[in-house]
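Student: Once you've had a glance at the structure underneath, I'll fire off some questions.
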Amino acid sequence: MKRVFLVFLAIFAALYVGAEATLKRPKNDGIVRLRWATDANPARKVQTDLFHKLHPNIEVTVDPGLGGDQTKLIVQCATGTGPDIVDVYDEQQMVALVEAGVLLDLTPYARRMGFDPSKTYPAIKNGLMVGGRQYRYPCNVWANCVVYNKRVFDDHGVPYPKPNWTYRDFIETARRIRNTPSKSGQKHIVVANFSNQWFYDDLLVGYGGRFFTPDGLTCLLDSKEAIAAMKLYHDLMYVHGAIPTAAETATMSGQGGWGSSGLTWFSTGRAAMIFIGRWYIIQLPSYPDLKGWLGAVRLPRIDGRPSTGVTDTRAAGINVKSPYRKEALLFLQYLASPQYSKVIVDDGDSLPPNPALARTGKDLANKIVPDPAFHQPFIDAMRDAHPLDVSPFVDDGLVMRWLKEHIEKVENNVMRPEDAMHALAAQINQLIRVNLERRPDLQRKYEQVTGRPYTQDWWRRYQKPQGAPPPL
Amino acid sequence: MRRRLSIALRFAALCVLGVTVSVPFVWMVSASFKPRAEVEEARIVPRHPTTRNYPIVLDMAPDPVTQQKLGLRFGRWYYNSFFMAVGITFLQVLTSAMAAFAFSRLRWRGRDTVFLLYLATMMIPGVVTMIPNFQIMVWLRFLNTYHGIILPAAFSAFGTFLLRQFMLSVPPALDEAATMDGAGPWQVFWDVVMPLARPGLIALSILTFLGAYQSFFWPLIMLNDDQYYPMPVGLLALDSTYGRQTELIMAATVMNVVPLIIIFITFQRFLVKGLQLGGVKG
């Protein structure tokens with residue numbers, strides 16, 4: 001038995017020596033090596049290579065996390081070993097990282113180095129700041145449009161969607177695609193949706209609704225705008241047959257219907273439209289059949305309202321404990337540069353962070369989709385889009401999960417839209433009260449936003465803003 | 001007649017179970033031979049089968065999206081996974097066997113209390129100890145090293161428990177006979193108890209190897225440099241905001257599971273025997 005263990009020890013030692021001997025050790029060449037916590041994807045290599053070319057004494061390596069899961073970042077930052085540059089995916093996460101003392105206040109540097117909030121889209125400006133101080137700068141920015149397959153429309157003899165179209169027009173287009181047999185004999189669905197939650201969020205913003213009152217103390221998902229948005233979502237499925245029902249979704253998902261599968265469904269020419277951001281075109285080189293056949297138009301608008309939807313950004317901040325602060329700031333400066341913008345334009349990864357570098361569709365035309373008319377609606381959409389509002393008194397992730405659950409209940413006809421939204425808002429409001437009761441830091445925040453001392457029964461005396469909620 | 005019917009029904013139920021268990025594996029292999037456009041279709045047999053996913057993963061052909069090689073270090077990650085799993089398995093089996101010997105064959109004050117405390121560590125969820133463990137690794141300067149992955153996994157309460165159960169089943173008379181012949185505890189451990197605990201050692205080795213080979217979260221947190229990554233962490237590069245490249249993930253996974261399948265098939269009987277014995281003796 002001893003021999004067996006000795007043999008294994010020898011194998012292990014040999015493998016260890018082999019592994020250590022073949023490692024590339026960092027050279028003492030004076031190059032600063034920055035770590036960027038982001039998703040590892042081929043586009044990052046192009047982006048970091050260009051930065052190294054512009055700054056030969058700095059190299060950026062990608063430190064992959066687990067998508068939106070921030071465990072790695074939290075564990076490393078808690079022990080002071082975090083990355084130099086951190087991708088921050090939403091406002092709530094940014095607030096949490098600022099309160100934990102992880103993110104560097106960029107305000108003193110941003111204006112001087114050309115990446116202050118005036119160098120990005122007005123709609124996302126507030127989402128980069130906490131208490132009037134800037135903590136991140138966008139890597140890319142997106143707002144949804146409707147991308148359509150002209151070949152499917154031609155096949156059914158249906159005219160392409162026109163700019164400024166309404167949901168009434170969308171329903172009519174859907175009806176014609178569904179009811180007119182295709183010349184090719186192939187069957188098509190109207191919409192291959194990417195995410196049911198995004199779809200609802202766009203409808204909510206389209207109706208002028210919002211998640212919370214401006215002070216964040218009350219959920220407004222039971223407002224008439226939020227209910228109307230959910231009702232339209234339900235009716236688009238069950239009354240107008242414009243988007244797939246839950247049952248159709250279940251059938252389709254086995255064949256590539258929704259989620260990332262929805263992309264496949266659209267990309268393989270089996271759906272007429274998809275509601276999505278410009279980043280969709282990243283995948284187009286894998287689907288050469290679509291080349292020259294894509295069009296884009298802004299989201300349909302609610303009658304009497306402008307076309308609008310949600311915007312969001314993946315934005316980078318700097319770890320306050322980074323030993324390479326100066327170099328990391330140069331990286332953020334690079335994000336606002338024309339060179340970085342060109343990379344985003346060329347690979348189609350949504351919109352570049354600096355709007356001055358994407359004024360018209362012509363600026364965004366690339367090898368993947370050379371037609372400027374395709375890109376123009378995404379620029380226009382950004383002009384009128386709004387970020388989703390968050391409340392400091394409740395975990396944004398939980399709100400989103402509950403919203404998704406209630407959307408699914410409506411999709412499955414388990415609840416009526418109005419009942420679902422009332423129940424959801426009540427659930428969120430209850431959590432806000434519980435959080436406030438338990439957390440002194442939130443009680444202090446309550447006092448800041450209301451100017452009144454916190455009491456346990458604050459909600460009994462709380463006056464919800466009357467009338468229509470202020471627009472986002 | 002009734003017996004035949006019963007056998008047929010059992011056979012049918014097992015067939016259904018077998019197919020259910022195999023479908024994900026078959027789908028994985030099938031998807032690795034599909035082009036992107038077909039990968040999420042329900043059909044098992046690809047309409048346009050292709051082998052191009054394999055050279056892309058092996059960095060021998062460019063990615064169709066960027067027209068650039070992905071720069072995946074598949075060979076390195078393969079080696080790292082294998083090497084770290086071998087190291088963890090060797091050390092864990094050795095330390096568990098020694099601890100199990102101390103808890104089962106040696107008599108010392110407080111032995112059972114210490115064993116219970118040792119077992120109690122199994123009740124603590126990993127996420128609770130993650131930050132303290134990570135902090136210790138930082139203090140020891142083990143961040144971004146192979147030993148930062150291998151050493152924390154070199155000790156296991158479960159392994160100790162499993163082997164202790166085996167060792168308890170070895171008759172004490174054998175130790176006593178060896179001791180009377182002049183053997184010390186070290187000799188009793190290596191020459192008497194260890195050979196008799198062989199099924200347990202093999203079972204623990206297989207379980208540890210399988211777990212370590214697929215280990216994801218600890219390496220993800222501990223490692224920042226891709227030349228240290230094991231395969232599961234390296235494969236993150238294929239699942240990003242750029243889109244999930246399912247067909248490439250499947251091609252990489254097919255190549256990744258080959259050693260596991262070989263090990264499992266070779267040592268299957270020991271695994272089953274070992275777990276059965278460990279479950280009933282005490």
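Starting from 1 in every chain, residues are counted up; chains themselves are A, B, ... following the order of the structure tokens, and ligands are numbered from 1 as listed.
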Please, which residues of chain B lie no more than 6 Å from chain A when the count uses only C-alpha atoms, and can they be set out as a VMD selection string?

Tutor: chain B and resid 40 to 42 65 83 87 131 135 221 224 237 240

Student: Just the residues within 9 Å of A:Ile177, please, counting only C-alpha atoms, with nothing from its chain fewer than 2 positions along; format it as a list in words.

Tutor: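 Using only C-alpha atoms, the neighbours found are Val152, Phe153, His156, Gly157, Val158, Glu172, Thr173, Ala174, Arg175, Asn179, Thr180, Pro181, Ser182, His188, Ile189, Val190 and Ala272 of chain A.
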
Student: Using N, CA and C atoms, can you write the selected residues to a file as a PDB file, in the first residue's frame?

Tutor:
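Result file is result_16.pdb:
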```
ATOM      1  N   VAL A 152     -39.282  37.652 -44.360  1.00  0.00           N
ATOM      2  CA  VAL A 152     -40.540  37.090 -43.831  1.00  0.00           C
ATOM      3  C   VAL A 152     -41.709  38.011 -44.202  1.00  0.00           C
ATOM      4  N   PHE A 153     -41.495  39.318 -44.076  1.00  0.00           N
ATOM      5  CA  PHE A 153     -42.563  40.263 -44.431  1.00  0.00           C
ATOM      6  C   PHE A 153     -42.912  40.130 -45.916  1.00  0.00           C
ATOM      7  N   HIS A 156     -44.955  37.108 -46.808  1.00  0.00           N
ATOM      8  CA  HIS A 156     -46.382  37.194 -46.477  1.00  0.00           C
ATOM      9  C   HIS A 156     -47.058  38.382 -47.174  1.00  0.00           C
ATOM     10  N   GLY A 157     -46.281  39.149 -47.937  1.00  0.00           N
ATOM     11  CA  GLY A 157     -46.846  40.322 -48.621  1.00  0.00           C
ATOM     12  C   GLY A 157     -47.329  41.394 -47.652  1.00  0.00           C
ATOM     13  N   VAL A 158     -46.651  41.531 -46.541  1.00  0.00           N
ATOM     14  CA  VAL A 158     -47.046  42.519 -45.520  1.00  0.00           C
ATOM     15  C   VAL A 158     -46.031  43.663 -45.547  1.00  0.00           C
ATOM     16  N   GLU A 172     -52.077  44.980 -35.904  1.00  0.00           N
ATOM     17  CA  GLU A 172     -52.574  44.777 -37.263  1.00  0.00           C
ATOM     18  C   GLU A 172     -51.517  44.043 -38.110  1.00  0.00           C
ATOM     19  N   THR A 173     -50.259  44.461 -37.961  1.00  0.00           N
ATOM     20  CA  THR A 173     -49.175  43.782 -38.695  1.00  0.00           C
ATOM     21  C   THR A 173     -49.127  42.310 -38.301  1.00  0.00           C
ATOM     22  N   ALA A 174     -49.236  42.066 -36.997  1.00  0.00           N
ATOM     23  CA  ALA A 174     -49.195  40.685 -36.505  1.00  0.00           C
ATOM     24  C   ALA A 174     -50.343  39.877 -37.094  1.00  0.00           C
ATOM     25  N   ARG A 175     -51.518  40.496 -37.141  1.00  0.00           N
ATOM     26  CA  ARG A 175     -52.704  39.802 -37.658  1.00  0.00           C
ATOM     27  C   ARG A 175     -52.487  39.413 -39.118  1.00  0.00           C
ATOM     28  N   ASN A 179     -52.366  35.702 -40.607  1.00  0.00           N
ATOM     29  CA  ASN A 179     -53.502  35.251 -41.420  1.00  0.00           C
ATOM     30  C   ASN A 179     -53.194  35.115 -42.910  1.00  0.00           C
ATOM     31  N   THR A 180     -52.076  35.713 -43.358  1.00  0.00           N
ATOM     32  CA  THR A 180     -51.751  35.601 -44.785  1.00  0.00           C
ATOM     33  C   THR A 180     -50.759  34.450 -44.982  1.00  0.00           C
ATOM     34  N   PRO A 181     -51.163  33.450 -45.765  1.00  0.00           N
ATOM     35  CA  PRO A 181     -50.217  32.345 -45.981  1.00  0.00           C
ATOM     36  C   PRO A 181     -48.968  32.851 -46.709  1.00  0.00           C
ATOM     37  N   SER A 182     -47.828  32.286 -46.360  1.00  0.00           N
ATOM     38  CA  SER A 182     -46.585  32.729 -47.008  1.00  0.00           C
ATOM     39  C   SER A 182     -46.494  32.142 -48.411  1.00  0.00           C
ATOM     40  N   HIS A 188     -44.330  30.987 -40.118  1.00  0.00           N
ATOM     41  CA  HIS A 188     -43.552  31.927 -39.308  1.00  0.00           C
ATOM     42  C   HIS A 188     -44.350  32.353 -38.098  1.00  0.00           C
ATOM     43  N   ILE A 189     -43.639  32.633 -37.017  1.00  0.00           N
ATOM     44  CA  ILE A 189     -44.323  33.280 -35.892  1.00  0.00           C
ATOM     45  C   ILE A 189     -44.071  34.780 -36.013  1.00  0.00           C
ATOM     46  N   VAL A 190     -44.881  35.564 -35.320  1.00  0.00           N
ATOM     47  CA  VAL A 190     -44.764  37.020 -35.469  1.00  0.00           C
ATOM     48  C   VAL A 190     -43.552  37.541 -34.704  1.00  0.00           C
ATOM     49  N   ALA A 272     -40.835  36.831 -37.590  1.00  0.00           N
ATOM     50  CA  ALA A 272     -40.804  38.079 -38.360  1.00  0.00           C
ATOM     51  C   ALA A 272     -40.087  39.188 -37.619  1.00  0.00           C
TER      52      ALA A 272
END
```

Student: Rank nothing, just name the residue among B:Thr95, B:Gln187, B:Ser156, B:Ser30 nearest to B:Asp175, using only C-alpha atoms.

Tutor: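 Among the listed residues, the smallest separation from B:Asp175 belongs to B:Gln187.
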
Student: I'd like the neighbourhood of A:Val60 as a ChimeraX atom specification, where a residue qualifies if any of its atoms comes within 10 Å (using only C-alpha atoms), though same-chain residues fewer than 4 positions away should be ignored.

Tutor: /A:32-36,44-45,47-49,51-52,84-85,327-328,331

Student: Based on DSSP run over this structure's backbone, return all residues of stretch 116-189 of chain A in helix (DSSP H, G or I), as number ranges by chain.

Tutor: A: 117-119, 122-128, 150-156, 167-179

Student: What does the distance from atom CA of A:Phe378 to atom CA of A:Met400 come to in Å, to one decimal?

Tutor: 24.8 Å

Student: Each residue of stretch 384-459 of chain A with at least one atom at most 8 Å from stretch 194-209 of chain A should appear once, together with its nearest atom pair and the corresponding distance in Å (one decimal); atoms considered: only C-alpha atoms; ordering: chain, then increasing residue number; output as CSV.

Tutor:
```
residue,atom,partner,partner_atom,distance
A:His386,CA,A:Val205,CA,7.3
A:Leu388,CA,A:Asp201,CA,8.0
A:Leu403,CA,A:Gln197,CA,7.8
A:Lys404,CA,A:Gln197,CA,6.2
A:Ile407,CA,A:Gln197,CA,7.4
```

Student: Can you list, as number ranges by chain, every protein, DNA or RNA residue that comes within 9 Å of A:Asn429 when you count only C-alpha atoms, leaving out same-chain residues fewer than 6 positions away?

Tutor: A: 217-219, 394

Student: Report the distance between atom CA of A:Glu411 and atom CA of A:Ala242 in Å, rounded to one decimal place.

Tutor: 13.4 Å

Student: So, counting only C-alpha atoms, which residue among A:Val297, A:Ala228, A:Ala426, A:Ile276 is closest to A:Trp402?

Tutor: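 Looking at the shortest contact to A:Trp402, the residue is A:Ala426.
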
Student: As an exercise, work out the distance from atom CA of A:Gln134 to atom CA of A:Thr107 in Å and give it to one decimal place.

Tutor: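 Going from atom CA of A:Gln134 over to atom CA of A:Thr107, I get 5.2 Å.
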
Student: Mind the document's chain letters and residue numbers, and return as a JSON list (two decimals) with C-alpha atoms, in the first residue's frame the residues of stretch 126-312 of chain A that DSSP labels strand (DSSP E or B).

Tutor:
```json
[["chain", "number", "residue", "atom", "x", "y", "z"],
["A", 129, "MET", "CA", -23.81, 58.80, -9.79],
["A", 130, "VAL", "CA", -24.53, 58.38, -6.09],
["A", 133, "ARG", "CA", -20.68, 61.99, -7.21],
["A", 134, "GLN", "CA", -19.70, 59.91, -10.26],
["A", 137, "TYR", "CA", -18.56, 55.31, -16.84],
["A", 138, "PRO", "CA", -20.39, 53.19, -19.47],
["A", 139, "CYS", "CA", -18.68, 50.47, -21.48],
["A", 140, "ASN", "CA", -21.73, 50.30, -23.71],
["A", 141, "VAL", "CA", -25.33, 51.49, -23.69],
["A", 142, "TRP", "CA", -28.52, 50.01, -25.08],
["A", 143, "ALA", "CA", -32.20, 50.63, -25.70],
["A", 145, "CYS", "CA", -35.99, 48.53, -30.92],
["A", 146, "VAL", "CA", -37.88, 46.12, -33.15],
["A", 147, "VAL", "CA", -35.59, 44.25, -35.53],
["A", 148, "TYR", "CA", -37.49, 42.64, -38.39],
["A", 149, "ASN", "CA", -36.75, 40.15, -41.13],
["A", 166, "THR", "CA", -48.36, 52.33, -32.55],
["A", 189, "ILE", "CA", -44.32, 33.28, -35.89],
["A", 190, "VAL", "CA", -44.76, 37.02, -35.47],
["A", 191, "VAL", "CA", -42.42, 37.73, -32.58],
["A", 212, "PHE", "CA", -41.29, 53.50, -7.29],
["A", 219, "CYS", "CA", -43.89, 50.73, -5.13],
["A", 271, "ALA", "CA", -39.91, 34.74, -36.83],
["A", 272, "ALA", "CA", -40.80, 38.08, -38.36],
["A", 273, "MET", "CA", -39.69, 40.36, -35.52],
["A", 274, "ILE", "CA", -37.73, 40.51, -32.29],
["A", 275, "PHE", "CA", -37.74, 43.26, -29.63],
["A", 276, "ILE", "CA", -34.07, 43.72, -28.83],
["A", 294, "LEU", "CA", -32.74, 43.03, -41.60],
["A", 295, "GLY", "CA", -34.58, 46.23, -40.83],
["A", 296, "ALA", "CA", -35.07, 48.06, -37.55],
["A", 297, "VAL", "CA", -37.74, 50.40, -36.29],
["A", 301, "ARG", "CA", -45.80, 53.61, -29.10],
["A", 310, "VAL", "CA", -35.96, 51.19, -21.14],
["A", 311, "THR", "CA", -32.27, 51.98, -21.40],
["A", 312, "ASP", "CA", -29.43, 50.46, -19.42]]
```

Student: Excluding B:Thr246 and residues on its chain fewer than 2 positions from it, collect all residues at most 10 Å away from it, counting only C-alpha atoms, and give them as a ChimeraX atom specification.

Tutor: /B:28,31-32,34-36,39-40,238-239,243-244,248-252

Student: Which of these, B:Ser169, B:Ser81, B:Ser205, B:Thr160, has the shortest distance to B:Gly234 once you count only C-alpha atoms?

Tutor: B:Ser81

Student: Can you tell me, as a list in words, what residues are no more than 9 Å from B:Phe82 when counting only C-alpha atoms, ignoring any on the same chain fewer than 2 positions away?

Tutor: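 Contacts, in chain order: Trp77, Tyr78, Tyr79, Asn80, Met84, Ala85, Val86, Gly87, Phe209, Ala212, Tyr213, Pro230 and Pro259 of chain B.
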
Student: Save the residues we just selected, N, CA, C and O atoms, as a PDB file, in the first residue's frame?

Tutor:
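Once everything was written out, this is out.pdb:
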```pdb
ATOM      1  N   TRP B  77      -5.892  24.129 -19.656  1.00  0.00           N
ATOM      2  CA  TRP B  77      -6.971  23.971 -18.673  1.00  0.00           C
ATOM      3  C   TRP B  77      -7.243  22.493 -18.402  1.00  0.00           C
ATOM      4  O   TRP B  77      -7.555  22.105 -17.276  1.00  0.00           O
ATOM      5  N   TYR B  78      -7.122  21.691 -19.439  1.00  0.00           N
ATOM      6  CA  TYR B  78      -7.278  20.243 -19.308  1.00  0.00           C
ATOM      7  C   TYR B  78      -6.236  19.713 -18.322  1.00  0.00           C
ATOM      8  O   TYR B  78      -6.539  18.982 -17.377  1.00  0.00           O
ATOM      9  N   TYR B  79      -5.000  20.123 -18.564  1.00  0.00           N
ATOM     10  CA  TYR B  79      -3.886  19.685 -17.728  1.00  0.00           C
ATOM     11  C   TYR B  79      -4.111  20.145 -16.287  1.00  0.00           C
ATOM     12  O   TYR B  79      -3.965  19.371 -15.342  1.00  0.00           O
ATOM     13  N   ASN B  80      -4.475  21.421 -16.122  1.00  0.00           N
ATOM     14  CA  ASN B  80      -4.693  21.961 -14.777  1.00  0.00           C
ATOM     15  C   ASN B  80      -5.779  21.179 -14.036  1.00  0.00           C
ATOM     16  O   ASN B  80      -5.620  20.835 -12.872  1.00  0.00           O
ATOM     17  N   MET B  84      -4.713  19.154 -10.777  1.00  0.00           N
ATOM     18  CA  MET B  84      -5.247  19.580  -9.478  1.00  0.00           C
ATOM     19  C   MET B  84      -6.106  18.468  -8.870  1.00  0.00           C
ATOM     20  O   MET B  84      -6.068  18.240  -7.659  1.00  0.00           O
ATOM     21  N   ALA B  85      -6.865  17.768  -9.733  1.00  0.00           N
ATOM     22  CA  ALA B  85      -7.707  16.687  -9.220  1.00  0.00           C
ATOM     23  C   ALA B  85      -6.837  15.555  -8.661  1.00  0.00           C
ATOM     24  O   ALA B  85      -7.148  14.984  -7.610  1.00  0.00           O
ATOM     25  N   VAL B  86      -5.740  15.249  -9.349  1.00  0.00           N
ATOM     26  CA  VAL B  86      -4.831  14.192  -8.854  1.00  0.00           C
ATOM     27  C   VAL B  86      -4.248  14.617  -7.502  1.00  0.00           C
ATOM     28  O   VAL B  86      -4.221  13.828  -6.548  1.00  0.00           O
ATOM     29  N   GLY B  87      -3.800  15.842  -7.428  1.00  0.00           N
ATOM     30  CA  GLY B  87      -3.188  16.334  -6.193  1.00  0.00           C
ATOM     31  C   GLY B  87      -4.164  16.307  -5.026  1.00  0.00           C
ATOM     32  O   GLY B  87      -3.849  15.828  -3.933  1.00  0.00           O
ATOM     33  N   PHE B 209     -11.873  12.560  -6.787  1.00  0.00           N
ATOM     34  CA  PHE B 209     -11.373  12.944  -8.104  1.00  0.00           C
ATOM     35  C   PHE B 209     -12.497  13.583  -8.929  1.00  0.00           C
ATOM     36  O   PHE B 209     -12.301  14.630  -9.556  1.00  0.00           O
ATOM     37  N   ALA B 212     -13.238  17.045  -7.541  1.00  0.00           N
ATOM     38  CA  ALA B 212     -12.156  18.015  -7.757  1.00  0.00           C
ATOM     39  C   ALA B 212     -12.014  18.361  -9.237  1.00  0.00           C
ATOM     40  O   ALA B 212     -11.735  19.505  -9.594  1.00  0.00           O
ATOM     41  N   TYR B 213     -12.226  17.384 -10.092  1.00  0.00           N
ATOM     42  CA  TYR B 213     -12.080  17.608 -11.532  1.00  0.00           C
ATOM     43  C   TYR B 213     -13.132  18.602 -12.043  1.00  0.00           C
ATOM     44  O   TYR B 213     -12.884  19.354 -12.984  1.00  0.00           O
ATOM     45  N   PRO B 230      -8.770  25.791 -14.142  1.00  0.00           N
ATOM     46  CA  PRO B 230      -9.207  24.452 -14.557  1.00  0.00           C
ATOM     47  C   PRO B 230     -10.265  24.616 -15.645  1.00  0.00           C
ATOM     48  O   PRO B 230     -10.765  25.724 -15.865  1.00  0.00           O
ATOM     49  N   PRO B 259     -12.053  11.743 -19.536  1.00  0.00           N
ATOM     50  CA  PRO B 259     -11.325  11.096 -18.435  1.00  0.00           C
ATOM     51  C   PRO B 259     -12.256  10.620 -17.315  1.00  0.00           C
ATOM     52  O   PRO B 259     -12.029   9.550 -16.736  1.00  0.00           O
TER      53      PRO B 259
END
```

Student: What's the 8 Å shell around stretch 145-152 of chain B, counting only C-alpha atoms, without same-chain residues fewer than 5 positions away, as a list in words?

Tutor: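 Near neighbours after the sequence-gap exclusion: Met84, Gly87, Ile88, Met137, Trp218, Pro219, Met222, Leu223 and Tyr228 of chain B.
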